[in-house]
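Pasted below: upload.cif, mmCIF, C-alpha atoms and all ligand atoms.
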data_final
loop_
_atom_site.label_atom_id
_atom_site.label_comp_id
_atom_site.auth_asym_id
_atom_site.auth_seq_id
_atom_site.Cartn_x
_atom_site.Cartn_y
_atom_site.Cartn_z
CA MET A 276 56.28 100.35 74.88
CA ARG A 277 53.27 102.56 74.34
CA ALA A 278 53.26 105.84 76.24
CA ILE A 279 50.18 108.03 76.68
CA LYS A 280 49.76 111.72 77.37
CA SER A 281 47.03 114.33 77.09
CA VAL A 282 46.75 118.05 76.48
CA GLN A 283 44.01 120.38 77.73
CA GLN A 284 42.51 123.75 76.91
CA ASN A 285 39.49 125.75 78.00
CA TYR A 286 36.68 126.39 75.54
CA THR A 287 33.15 127.72 75.43
CA PRO A 288 30.66 125.04 74.42
CA SER A 289 27.87 125.88 71.99
CA PRO A 290 24.28 124.96 72.97
CA GLU A 291 24.53 121.87 70.69
CA ILE A 292 27.66 120.71 72.45
CA LEU A 293 26.11 121.30 75.87
CA ARG A 294 23.19 119.12 74.83
CA MET A 295 25.56 116.43 73.61
CA LEU A 296 27.47 116.48 76.92
CA ASP A 297 24.28 116.00 78.85
CA GLU A 298 23.07 113.23 76.51
CA PHE A 299 26.37 111.46 76.94
CA ARG A 300 26.13 111.76 80.72
CA LYS A 301 22.64 110.26 80.62
CA MET A 302 23.77 107.44 78.34
CA MET A 303 26.60 106.65 80.73
CA ASN A 304 24.16 106.49 83.63
CA THR A 305 21.87 104.21 81.65
CA CYS A 306 24.80 101.86 80.98
CA ILE A 307 25.94 102.04 84.60
CA GLN A 308 22.43 101.09 85.73
CA VAL A 309 22.34 98.10 83.37
CA GLY A 310 25.79 97.04 84.58
CA LEU A 311 24.79 97.33 88.24
CA VAL A 312 21.52 95.45 87.82
CA GLU A 313 23.06 92.64 85.79
CA ASN A 314 26.41 92.74 87.57
CA LEU A 315 28.49 93.20 84.43
CA THR A 316 32.00 94.59 84.09
CA SER A 317 33.08 93.30 80.68
CA LEU A 318 32.83 95.55 77.66
CA LYS A 319 31.42 92.78 75.51
CA ALA A 320 28.65 91.83 77.92
CA LEU A 321 27.73 95.43 78.62
CA THR A 322 27.61 96.26 74.90
CA ARG A 323 25.25 93.34 74.35
CA ARG A 324 22.93 94.39 77.17
CA ALA A 325 23.11 98.17 77.05
CA TYR A 326 23.31 99.07 73.37
CA ARG A 327 19.65 98.45 72.71
CA GLN A 328 18.67 100.58 75.69
CA LEU A 329 20.54 103.48 74.10
CA ALA A 330 18.29 103.37 71.02
CA ALA A 331 16.11 106.07 72.57
CA TYR A 332 19.01 108.56 72.36
CA ASP A 333 19.16 110.52 69.12
CA THR A 334 22.95 110.58 68.86
CA MET A 335 25.59 109.08 66.58
CA SER A 336 26.58 105.50 67.34
CA TYR A 337 30.20 106.63 67.98
CA TYR A 338 29.00 108.16 71.20
CA LYS A 339 26.93 105.17 72.22
CA ILE A 340 29.91 102.85 71.90
CA CYS A 341 32.09 105.27 73.85
CA ALA A 342 29.47 105.74 76.58
CA ILE A 343 29.38 101.96 77.07
CA SER A 344 33.14 101.81 77.21
CA GLN A 345 33.34 104.68 79.74
CA ALA A 346 30.66 103.01 81.85
CA THR A 347 32.62 99.75 81.78
CA GLY A 348 35.63 101.50 83.29
CA ILE A 349 33.48 103.09 85.99
CA LEU A 350 31.81 99.74 86.82
CA ARG A 351 35.20 98.05 87.12
CA ASN A 352 36.48 100.73 89.49
CA TYR A 353 33.28 100.47 91.48
CA ARG A 354 33.61 96.72 91.83
CA LYS A 355 37.25 97.06 92.88
CA ALA A 356 36.45 99.76 95.44
CA GLY A 357 33.43 97.78 96.66
CA ARG A 358 35.63 94.81 97.49
CA LYS A 359 37.72 96.97 99.80
CA ASN A 360 34.86 98.98 101.21
CA PRO A 361 31.33 97.51 101.00
CA GLU A 362 29.83 100.94 101.71
CA THR A 363 31.13 102.42 98.46
CA LYS A 364 28.43 104.60 96.91
CA GLN A 365 26.95 103.43 93.61
CA PRO A 366 28.45 105.35 90.70
CA TYR A 367 26.42 108.07 89.01
CA ALA A 368 27.73 110.63 86.50
CA ARG A 369 26.62 114.05 87.66
CA ARG A 370 28.73 116.35 85.53
CA PRO A 371 27.99 116.68 81.81
CA GLN A 372 30.86 115.18 79.84
CA LEU A 373 31.68 113.30 76.68
CA THR A 374 34.50 111.09 75.47
CA THR A 375 34.95 109.81 71.97
CA CYS A 376 37.63 107.71 70.31
CA TYR A 377 35.95 107.82 66.90
CA GLY A 378 34.77 110.17 64.25
CA PHE A 379 36.53 113.36 65.35
CA LYS A 380 39.14 115.15 63.24
CA ILE A 381 41.85 117.61 64.03
CA ARG A 382 42.24 120.20 61.29
CA THR A 383 45.63 121.71 61.90
CA LYS A 384 45.39 124.33 59.14
CA GLU A 385 41.95 125.49 60.21
CA ARG A 386 43.05 125.20 63.87
CA LEU A 387 39.90 123.23 64.65
CA LEU A 388 38.67 120.12 66.32
CA GLN A 389 35.72 118.68 64.40
CA LEU A 390 33.33 116.75 66.55
CA PRO A 391 30.90 114.32 64.90
CA PHE A 392 27.38 115.62 65.32
CA LYS A 393 25.25 114.57 62.37
CA PRO A 394 26.40 112.79 59.21
CA LYS A 395 28.61 115.21 57.21
CA GLN A 396 27.81 117.96 59.66
CA PRO A 397 30.54 118.11 62.30
CA LEU A 398 30.68 120.71 65.07
CA PRO A 399 33.84 122.84 65.06
CA ILE A 400 35.75 123.78 68.23
CA PRO A 401 38.72 126.16 67.86
CA LEU A 402 42.01 124.83 69.23
CA ASN A 403 44.53 127.14 70.84
CA ALA A 404 48.21 127.50 69.90
CA HIS A 405 49.44 125.41 72.84
CA VAL A 406 47.32 122.39 71.91
CA LEU A 407 48.27 122.64 68.23
CA ARG A 408 51.97 122.88 69.13
CA VAL A 409 51.75 119.80 71.37
CA LEU A 410 49.87 117.79 68.74
CA ALA A 411 52.47 118.72 66.12
CA GLU A 412 54.98 116.43 67.86
CA PRO A 413 56.11 113.81 65.31
CA GLU A 414 55.13 110.15 65.53
CA ILE A 415 52.15 110.60 67.80
CA GLN A 416 48.73 109.06 67.33
CA ILE A 417 45.65 110.87 68.58
CA ARG A 418 43.53 108.53 70.70
CA SER A 419 40.50 110.31 72.10
CA VAL A 420 38.81 113.57 72.94
CA THR A 421 37.10 114.33 76.25
CA LEU A 422 34.89 117.36 76.77
CA THR A 423 33.45 118.88 79.93
CA GLU A 424 31.54 122.15 80.19
CA GLU A 425 34.76 124.15 80.49
CA GLN A 426 37.57 122.04 79.17
CA LEU A 427 38.56 119.84 76.29
CA SER A 428 41.27 117.24 76.63
CA ILE A 429 42.94 115.35 73.79
CA SER A 430 44.75 112.12 74.56
CA TYR A 431 47.63 110.95 72.35
CA ALA A 432 50.15 108.13 72.31
CA LYS A 433 53.48 107.10 70.84
CA GLU A 434 55.73 104.05 70.77
CA VAL A 435 58.83 104.60 72.89
CA LYS A 436 62.00 102.55 73.24
CA PRO A 437 62.58 101.72 76.91
CA ILE A 438 65.91 103.04 78.19
CA GLN A 439 68.06 100.71 80.27
CA PRO A 440 68.67 102.88 83.37
CA HIS A 441 72.21 104.07 84.15
CA GLY A 442 71.17 104.83 87.69
CA LEU A 443 68.09 105.44 89.81
CA ILE A 444 66.50 108.44 91.42
CA ALA A 445 64.17 107.82 94.37
CA ILE A 446 61.39 110.27 95.24
CA ASP A 447 59.90 110.71 98.68
CA ARG A 448 56.80 112.88 98.77
CA ASN A 449 55.85 114.80 101.88
CA LEU A 450 53.22 117.37 102.64
CA ASP A 451 55.55 120.34 102.06
CA ASN A 452 58.34 118.95 99.92
CA LEU A 453 59.66 116.35 97.56
CA THR A 454 62.99 114.80 98.46
CA ALA A 455 65.05 112.90 95.90
CA ALA A 456 68.05 110.66 96.54
CA ASP A 457 69.88 109.13 93.58
CA SER A 458 72.38 106.36 93.02
CA ASP A 459 75.15 108.94 92.43
CA GLY A 460 74.67 110.04 96.05
CA ARG A 461 73.00 113.30 95.12
CA LEU A 462 70.15 114.80 97.17
CA THR A 463 67.62 117.26 95.79
CA ARG A 464 64.62 118.91 97.38
CA TRP A 465 61.61 120.64 95.85
CA ASN A 466 59.50 122.95 97.93
CA LEU A 467 55.76 122.29 97.73
CA ALA A 468 54.67 124.62 100.53
CA LYS A 469 52.74 126.73 98.00
CA ALA A 470 50.46 123.79 97.27
CA THR A 471 49.74 123.41 100.96
CA GLU A 472 48.92 127.12 101.25
CA ILE A 473 46.36 126.85 98.46
CA LYS A 474 44.69 123.99 100.27
CA ALA A 475 44.60 125.97 103.51
CA LEU A 476 43.03 128.95 101.74
CA TYR A 477 40.36 126.77 100.19
CA ARG A 478 39.51 125.25 103.56
CA GLU A 479 38.97 128.74 104.87
CA ILE A 480 36.68 129.75 102.02
CA ARG A 481 34.69 126.63 102.59
CA SER A 482 34.37 127.07 106.35
CA HIS A 483 32.98 130.58 105.83
CA MET A 484 30.13 129.44 103.68
CA GLN A 485 26.93 129.97 105.62
CA ARG A 486 24.52 128.58 103.09
CA ASN A 487 22.41 125.78 104.36
CA ASP A 488 21.14 124.67 100.99
CA ALA A 489 23.11 121.51 100.41
CA ARG A 490 22.89 121.80 96.64
CA ILE A 491 24.29 125.32 96.48
CA ARG A 492 26.94 124.38 98.97
CA ARG A 493 27.99 121.42 96.88
CA ARG A 494 28.14 123.53 93.73
CA VAL A 495 30.26 126.22 95.35
CA THR A 496 32.50 123.57 96.87
CA GLU A 497 32.92 121.88 93.51
CA LYS A 498 33.74 125.13 91.79
CA TYR A 499 36.38 126.28 94.29
CA GLY A 500 37.61 122.73 94.62
CA ARG A 501 38.21 122.54 90.88
CA LYS A 502 39.96 125.88 90.79
CA GLN A 503 42.36 125.09 93.56
CA ARG A 504 42.96 121.58 92.24
CA GLU A 505 44.08 123.20 88.99
CA LYS A 506 46.47 125.45 90.93
CA VAL A 507 47.92 122.57 92.93
CA LYS A 508 48.21 120.55 89.71
CA GLN A 509 50.29 123.32 88.15
CA ILE A 510 52.70 123.35 91.08
CA LEU A 511 53.05 119.59 90.84
CA HIS A 512 53.56 119.86 87.06
CA ASP A 513 56.56 122.14 87.61
CA ALA A 514 58.14 119.68 90.05
CA SER A 515 57.39 116.55 88.02
CA LYS A 516 58.71 118.19 84.86
CA GLN A 517 62.04 119.04 86.51
CA ILE A 518 62.39 115.57 87.99
CA VAL A 519 61.77 113.86 84.66
CA LEU A 520 64.05 116.27 82.75
CA ASP A 521 66.86 115.55 85.18
CA ALA A 522 66.27 111.79 84.96
CA LYS A 523 66.18 111.97 81.16
CA ARG A 524 69.45 113.91 80.96
CA ARG A 525 71.18 111.23 83.00
CA GLN A 526 69.14 108.27 81.71
CA PHE A 527 68.04 107.34 85.22
CA GLY A 528 65.05 105.26 86.25
CA ILE A 529 62.63 106.66 88.85
CA VAL A 530 61.64 104.88 92.07
CA MET A 531 58.57 105.77 94.11
CA GLU A 532 56.59 104.23 96.91
CA LYS A 533 53.53 102.25 95.97
CA LEU A 534 50.72 104.23 97.56
CA THR A 535 48.19 101.92 99.09
CA GLY A 536 45.20 103.89 100.24
CA ILE A 537 45.76 106.17 103.17
CA ARG A 538 48.29 104.13 105.10
CA LYS A 539 51.35 106.03 104.02
CA LEU A 540 49.64 109.37 104.46
CA TYR A 541 48.57 108.41 107.93
CA ARG A 542 52.03 107.38 109.04
CA LYS A 543 53.43 110.63 107.75
CA GLY A 544 51.07 112.43 110.11
CA ASN A 545 49.21 114.14 107.30
CA TRP A 546 45.81 112.60 107.83
CA GLN A 547 44.63 115.18 110.30
CA GLY A 548 41.16 116.27 109.27
CA ARG A 549 38.78 113.43 108.69
CA ASP A 550 37.38 114.50 105.37
CA TYR A 551 38.56 117.25 103.14
CA ARG A 552 42.20 117.66 104.08
CA GLY A 553 42.82 113.96 103.94
CA MET A 554 41.07 113.65 100.62
CA MET A 555 43.01 116.53 99.17
CA ASN A 556 46.37 115.23 100.32
CA SER A 557 45.63 111.76 99.12
CA TRP A 558 44.56 113.21 95.78
CA SER A 559 47.69 115.33 95.40
CA TYR A 560 50.01 112.43 96.29
CA HIS A 561 48.42 110.31 93.60
CA GLU A 562 48.34 113.18 91.14
CA LEU A 563 52.08 113.76 91.53
CA GLN A 564 52.92 110.09 91.04
CA HIS A 565 50.66 109.95 88.03
CA GLN A 566 52.38 112.99 86.49
CA ILE A 567 55.87 111.65 87.10
CA GLU A 568 54.88 108.25 85.75
CA TYR A 569 53.39 109.34 82.44
CA LYS A 570 56.07 111.98 81.80
CA ALA A 571 58.83 109.46 82.52
CA GLN A 572 57.25 106.78 80.35
CA TRP A 573 56.93 109.27 77.52
CA GLU A 574 60.72 109.56 77.59
CA GLY A 575 61.22 105.79 77.82
CA LEU A 576 62.40 106.01 81.43
CA GLN A 577 61.73 103.14 83.76
CA VAL A 578 59.35 103.75 86.69
CA ILE A 579 59.61 101.39 89.64
CA TYR A 580 57.26 101.12 92.61
CA VAL A 581 58.46 99.72 95.92
CA ASN A 582 56.73 98.65 99.11
CA PRO A 583 56.42 101.68 101.41
CA ALA A 584 56.38 99.75 104.70
CA GLY A 585 59.01 101.08 107.09
CA THR A 586 60.71 103.46 104.68
CA SER A 587 60.47 106.33 107.14
CA ALA A 588 60.98 104.37 110.37
CA LYS A 589 64.11 102.38 109.56
CA CYS A 590 67.71 103.53 109.27
CA SER A 591 68.80 103.66 105.62
CA ILE A 592 72.31 102.53 106.63
CA CYS A 593 71.75 99.60 108.97
CA GLY A 594 67.99 98.96 108.88
CA CYS A 595 67.46 99.47 112.62
CA ARG A 596 64.56 101.46 114.03
CA MET A 597 65.04 105.21 114.20
CA LYS A 598 64.10 107.55 117.03
CA PRO A 599 62.47 110.88 116.13
CA GLU A 600 64.41 113.97 117.21
CA GLU A 601 63.79 117.69 116.78
CA ASN A 602 63.45 119.43 113.41
CA ARG A 603 62.29 116.43 111.45
CA THR A 604 65.49 114.49 112.08
CA LEU A 605 65.81 110.88 113.11
CA LYS A 606 68.56 109.21 115.08
CA CYS A 607 69.55 105.59 114.58
CA GLN A 608 69.72 103.65 117.85
CA SER A 609 72.42 101.42 116.47
CA CYS A 610 74.78 103.43 114.26
CA ARG A 611 74.04 106.69 116.11
CA VAL A 612 73.69 108.73 112.94
CA SER A 613 71.26 111.65 112.87
CA VAL A 614 69.60 112.22 109.54
CA ASP A 615 66.79 114.29 108.05
CA ARG A 616 63.75 112.03 107.97
CA ASP A 617 62.81 112.79 104.37
CA VAL A 618 66.36 112.10 103.20
CA ASN A 619 66.35 108.84 105.16
CA ALA A 620 63.06 107.83 103.55
CA ALA A 621 64.29 108.70 100.05
CA ARG A 622 67.44 106.62 100.62
CA ASN A 623 65.37 103.66 101.80
CA ILE A 624 63.18 103.91 98.70
CA LEU A 625 66.31 104.09 96.55
CA ALA A 626 67.80 100.98 98.20
CA ARG A 627 64.61 99.01 97.53
CA GLY A 628 64.56 100.15 93.92
CA MET A 629 68.22 99.11 93.47
CA ARG A 630 67.36 95.61 94.66
CA LEU A 631 64.63 95.31 92.03
CA THR A 632 66.37 96.77 89.02
CA PRO A 633 69.43 95.79 87.05
CA ILE A 634 71.34 98.95 86.26
CA ALA A 635 73.53 99.43 83.21
CA LEU A 636 76.52 100.71 85.15
CA PRO A 637 79.22 102.65 83.34
CA LEU A 638 82.38 100.56 82.85
CA GLU A 639 84.53 102.35 85.43
CA ALA A 640 82.05 101.42 88.15
CA ILE A 641 82.26 97.71 87.32
CA VAL A 642 86.06 97.56 87.04
CA ARG A 643 86.89 98.57 90.56
CA GLU A 644 89.41 97.39 93.11
CA PRO A 645 88.77 93.90 94.41
CA GLN A 646 87.25 94.01 97.87
CA ARG A 647 89.20 92.73 100.82
CA GLN A 648 87.95 89.28 101.68
CA PRO A 649 87.64 88.25 105.31
CA TRP A 650 89.86 85.16 104.95
CA LYS A 651 92.68 87.32 103.56
CA SER A 652 92.92 89.26 106.76
CA MET A 653 92.91 85.98 108.64
CA ASP A 654 95.87 84.77 106.54
CA ALA A 655 97.80 87.91 107.36
CA SER A 656 97.50 87.49 111.09
ZN ZN B 1 71.63 102.72 111.60
#

File written out as structure tokens:
Amino acid sequence: MRAIKSVQQNYTPSPEILRMLDEFRKMMNTCIQVGLVENLTSLKALTRRAYRQLAAYDTMSYYKICAISQATGILRNYRKAGRKNPETKQPYARRPQLTTCYGFKIRTKERLLQLPFKPKQPLPIPLNAHVLRVLAEPEIQIRSVTLTEEQLSISYAKEVKPIQPHGLIAIDRNLDNLTAADSDGRLTRWNLAKATEIKALYREIRSHMQRNDARIRRRVTEKYGRKQREKVKQILHDASKQIVLDAKRRQFGIVMEKLTGIRKLYRKGNWQGRDYRGMMNSWSYHELQHQIEYKAQWEGLQVIYVNPAGTSAKCSICGCRMKPEENRTLKCQSCRVSVDRDVNAARNILARGMRLTPIALPLEAIVREPQRQPWKSMDAS
């Protein structure tokens, strides 16, 4: 199994690099236009149609090929989104950026990334200690480099041996916490209230902006939005790291709900504002899942997605409908048990995961006392 990760750092682009980022953005938009007009989403077809149009750009062919490939991905996403929502806006790359899979070199000794610029004339970008440490991990292959105006990101991969899970840990994500229930009967909770506070603060900044100029407003919004997304990301990184470390120590697989659009968020009562809050929550739910998934796969741990329907409304013991009570608890109408609603949801997710996955149980769990059979009790009477 091939697992993929990436590492980021901030950097200050030189004027040449800034020009390259903007050229790349323009090339992507050219390719996107060709793809939209001719209704193409395959890399081969787009290469055939778009490559010649890129002749006007004075840039190395590495970048042309990569711009076509990036545009292909965007066109595919657009087509997929368009099927669900016909009003999806046509894609257009606004921010300068660049991705390349070819021609770059990482010079560990010189602590540099060399970006192809002109033949035998690469552009150097200094790499920081964190990035160099991460890339020193044995048996990894560097895949690509992505640059924006502030950040560079290096993607790398390695072959991992999948681990047969010895148990499962199910994660239920809520606005303010993460609740985990595992097949050993353990419950764990991570507080995410800090992430919610950051979002609230950002909303306030945004609501105080008086500027009427839509362009300035959008730029300010983007800037603060990026900053607070980075902060929320960091909080999620701490939680996802702990979850995966714990799963790795015990060789457990991880079960999560398959997030389908906004449905789950809506039922959890989180979709309150129409635009920003909903978008932000939806983003952070997906971001957390994404983090857990790639970190788990890097360790060879299995990640299982289950259908989310009813996980928070049904009793995790008997499957009957639950009635909401005070303090986020639910009471089962049938077995009369009161339970925290996040714990109940996590247990339901766990039960669905257990049905889907064979677990390599330790021997003592398999060799257990034979269960009493109903006909035996009938014999006794
Ligand atoms: Zn029940």

Residue contacts of segment 620-622 of chain A (9 Å, only C-alpha atoms) excluding same-chain residues fewer than 2 positions away, as a count of residues only: 27

Taking all atoms listed in the file and a cut-off of 7 Å, can you tell me which residues surround ligand ZN 1 (chain B), written as a list in words? Cys590, Ser591, Ile592, Cys593, Gly594, Cys595, Cys607, Gln608, Ser609, Cys610, Arg611 and Val612 of chain A

Pick from A:Tyr286, A:Tyr332, A:Tyr353, A:Tyr337, whichever lies nearest to Leu315 of chain A using all atoms listed in the file: A:Tyr353

Tell me, as a list in words, which residues lie within 9 Å of Leu402 of chain A, counting all atoms listed in the file; anything in the same chain fewer than 6 positions away does not count. Gln284, Tyr286, Ile381, Thr383, Arg386, Leu387 and Leu388 of chain A

Quick one: residues within 9 Å of Lys523 of chain A, only C-alpha atoms counted, chain neighbours fewer than 3 positions away excluded, as an MDAnalysis selection string? chainID A and resid 518:520 526:528 571 574:576

Report the distance between atom CA of Ile579 of chain A and atom CA of His441 of chain A in Å, rounded to one decimal place. 14.0 Å

Write out as a ChimeraX atom specification the residues lying within 12 Å of Glu505 of chain A, counting only C-alpha atoms and excluding same-chain residues fewer than 6 positions away. /A:283,426,470,473-474,498-499,511-512,559,562

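Rounded to one decimal, atom CA of Gln372 of chain A and atom CA of Asp513 of chain A lie 27.7 Å from each other.
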
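As for atom CA of Gln345 of chain A and atom CA of Ser557 of chain A, they are spaced 24.0 Å apart.
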
Taking all atoms listed in the file into account, which of A:Lys301, A:Arg478, A:Lys598, A:Lys516 comes nearest Trp465 of chain A? A:Lys516

Closest of A:Met302, A:Leu453, A:Ile340, A:Lys380 to Leu318 of chain A, counting all atoms listed in the file, is A:Ile340

Could you complete segment 446-455 of chain A so that it carries all heavy atoms, and give it back as a PDB file, keeping the file's coordinate frame?
ATOM      1  N   ILE A 446      62.157 109.084  94.835  1.00  0.00           N
ATOM      2  CA  ILE A 446      61.390 110.270  95.240  1.00  0.00           C
ATOM      3  C   ILE A 446      60.597 109.967  96.497  1.00  0.00           C
ATOM      4  O   ILE A 446      59.830 109.005  96.536  1.00  0.00           O
ATOM      5  CB  ILE A 446      60.383 110.665  94.136  1.00  0.00           C
ATOM      6  CG1 ILE A 446      61.025 110.665  92.750  1.00  0.00           C
ATOM      7  CG2 ILE A 446      59.707 111.970  94.463  1.00  0.00           C
ATOM      8  CD1 ILE A 446      61.848 111.855  92.437  1.00  0.00           C
ATOM      9  N   ASP A 447      60.760 110.812  97.505  1.00  0.00           N
ATOM     10  CA  ASP A 447      59.900 110.710  98.680  1.00  0.00           C
ATOM     11  C   ASP A 447      59.030 111.952  98.743  1.00  0.00           C
ATOM     12  O   ASP A 447      59.537 113.073  98.773  1.00  0.00           O
ATOM     13  CB  ASP A 447      60.729 110.582  99.962  1.00  0.00           C
ATOM     14  CG  ASP A 447      59.833 110.412 101.169  1.00  0.00           C
ATOM     15  OD1 ASP A 447      59.014 109.480 101.165  1.00  0.00           O
ATOM     16  OD2 ASP A 447      59.931 111.222 102.110  1.00  0.00           O
ATOM     17  N   ARG A 448      57.714 111.749  98.754  1.00  0.00           N
ATOM     18  CA  ARG A 448      56.800 112.880  98.770  1.00  0.00           C
ATOM     19  C   ARG A 448      56.326 113.137 100.189  1.00  0.00           C
ATOM     20  O   ARG A 448      55.910 112.220 100.897  1.00  0.00           O
ATOM     21  CB  ARG A 448      55.600 112.574  97.873  1.00  0.00           C
ATOM     22  CG  ARG A 448      54.402 113.472  98.060  1.00  0.00           C
ATOM     23  CD  ARG A 448      54.640 114.835  97.440  1.00  0.00           C
ATOM     24  NE  ARG A 448      53.764 115.848  98.006  1.00  0.00           N
ATOM     25  CZ  ARG A 448      52.563 116.158  97.540  1.00  0.00           C
ATOM     26  NH1 ARG A 448      52.088 115.530  96.508  1.00  0.00           N
ATOM     27  NH2 ARG A 448      51.854 117.121  98.099  1.00  0.00           N
ATOM     28  N   ASN A 449      56.393 114.407 100.587  1.00  0.00           N
ATOM     29  CA  ASN A 449      55.850 114.800 101.880  1.00  0.00           C
ATOM     30  C   ASN A 449      54.879 115.934 101.684  1.00  0.00           C
ATOM     31  O   ASN A 449      54.747 116.457 100.600  1.00  0.00           O
ATOM     32  CB  ASN A 449      56.981 115.252 102.797  1.00  0.00           C
ATOM     33  CG  ASN A 449      57.990 114.165 102.948  1.00  0.00           C
ATOM     34  OD1 ASN A 449      57.734 113.161 103.577  1.00  0.00           O
ATOM     35  ND2 ASN A 449      59.127 114.325 102.293  1.00  0.00           N
ATOM     36  N   LEU A 450      54.234 116.333 102.764  1.00  0.00           N
ATOM     37  CA  LEU A 450      53.220 117.370 102.640  1.00  0.00           C
ATOM     38  C   LEU A 450      53.810 118.643 102.026  1.00  0.00           C
ATOM     39  O   LEU A 450      53.236 119.222 101.132  1.00  0.00           O
ATOM     40  CB  LEU A 450      52.631 117.668 104.019  1.00  0.00           C
ATOM     41  CG  LEU A 450      51.402 118.553 104.017  1.00  0.00           C
ATOM     42  CD1 LEU A 450      50.307 117.948 103.169  1.00  0.00           C
ATOM     43  CD2 LEU A 450      50.919 118.779 105.429  1.00  0.00           C
ATOM     44  N   ASP A 451      55.005 119.065 102.504  1.00  0.00           N
ATOM     45  CA  ASP A 451      55.550 120.340 102.060  1.00  0.00           C
ATOM     46  C   ASP A 451      56.715 120.249 101.084  1.00  0.00           C
ATOM     47  O   ASP A 451      57.188 121.245 100.593  1.00  0.00           O
ATOM     48  CB  ASP A 451      56.022 121.149 103.284  1.00  0.00           C
ATOM     49  CG  ASP A 451      54.846 121.723 104.030  1.00  0.00           C
ATOM     50  OD1 ASP A 451      53.803 121.923 103.394  1.00  0.00           O
ATOM     51  OD2 ASP A 451      54.967 121.954 105.236  1.00  0.00           O
ATOM     52  N   ASN A 452      57.204 119.045 100.851  1.00  0.00           N
ATOM     53  CA  ASN A 452      58.340 118.950  99.920  1.00  0.00           C
ATOM     54  C   ASN A 452      58.414 117.606  99.237  1.00  0.00           C
ATOM     55  O   ASN A 452      57.743 116.654  99.601  1.00  0.00           O
ATOM     56  CB  ASN A 452      59.651 119.249 100.658  1.00  0.00           C
ATOM     57  CG  ASN A 452      60.111 118.071 101.510  1.00  0.00           C
ATOM     58  OD1 ASN A 452      60.447 117.005 100.990  1.00  0.00           O
ATOM     59  ND2 ASN A 452      60.129 118.248 102.807  1.00  0.00           N
ATOM     60  N   LEU A 453      59.311 117.594  98.249  1.00  0.00           N
ATOM     61  CA  LEU A 453      59.660 116.350  97.560  1.00  0.00           C
ATOM     62  C   LEU A 453      61.147 116.177  97.802  1.00  0.00           C
ATOM     63  O   LEU A 453      61.911 117.104  97.571  1.00  0.00           O
ATOM     64  CB  LEU A 453      59.504 116.557  96.071  1.00  0.00           C
ATOM     65  CG  LEU A 453      58.227 116.213  95.375  1.00  0.00           C
ATOM     66  CD1 LEU A 453      58.375 116.539  93.907  1.00  0.00           C
ATOM     67  CD2 LEU A 453      57.962 114.743  95.535  1.00  0.00           C
ATOM     68  N   THR A 454      61.565 115.026  98.251  1.00  0.00           N
ATOM     69  CA  THR A 454      62.990 114.800  98.460  1.00  0.00           C
ATOM     70  C   THR A 454      63.442 113.675  97.553  1.00  0.00           C
ATOM     71  O   THR A 454      62.805 112.629  97.495  1.00  0.00           O
ATOM     72  CB  THR A 454      63.273 114.451  99.935  1.00  0.00           C
ATOM     73  OG1 THR A 454      62.735 115.494 100.741  1.00  0.00           O
ATOM     74  CG2 THR A 454      64.760 114.335 100.205  1.00  0.00           C
ATOM     75  N   ALA A 455      64.540 113.918  96.825  1.00  0.00           N
ATOM     76  CA  ALA A 455      65.050 112.900  95.900  1.00  0.00           C
ATOM     77  C   ALA A 455      66.455 112.494  96.312  1.00  0.00           C
ATOM     78  O   ALA A 455      67.282 113.328  96.668  1.00  0.00           O
ATOM     79  CB  ALA A 455      65.064 113.448  94.487  1.00  0.00           C
TER      80      ALA A 455
END
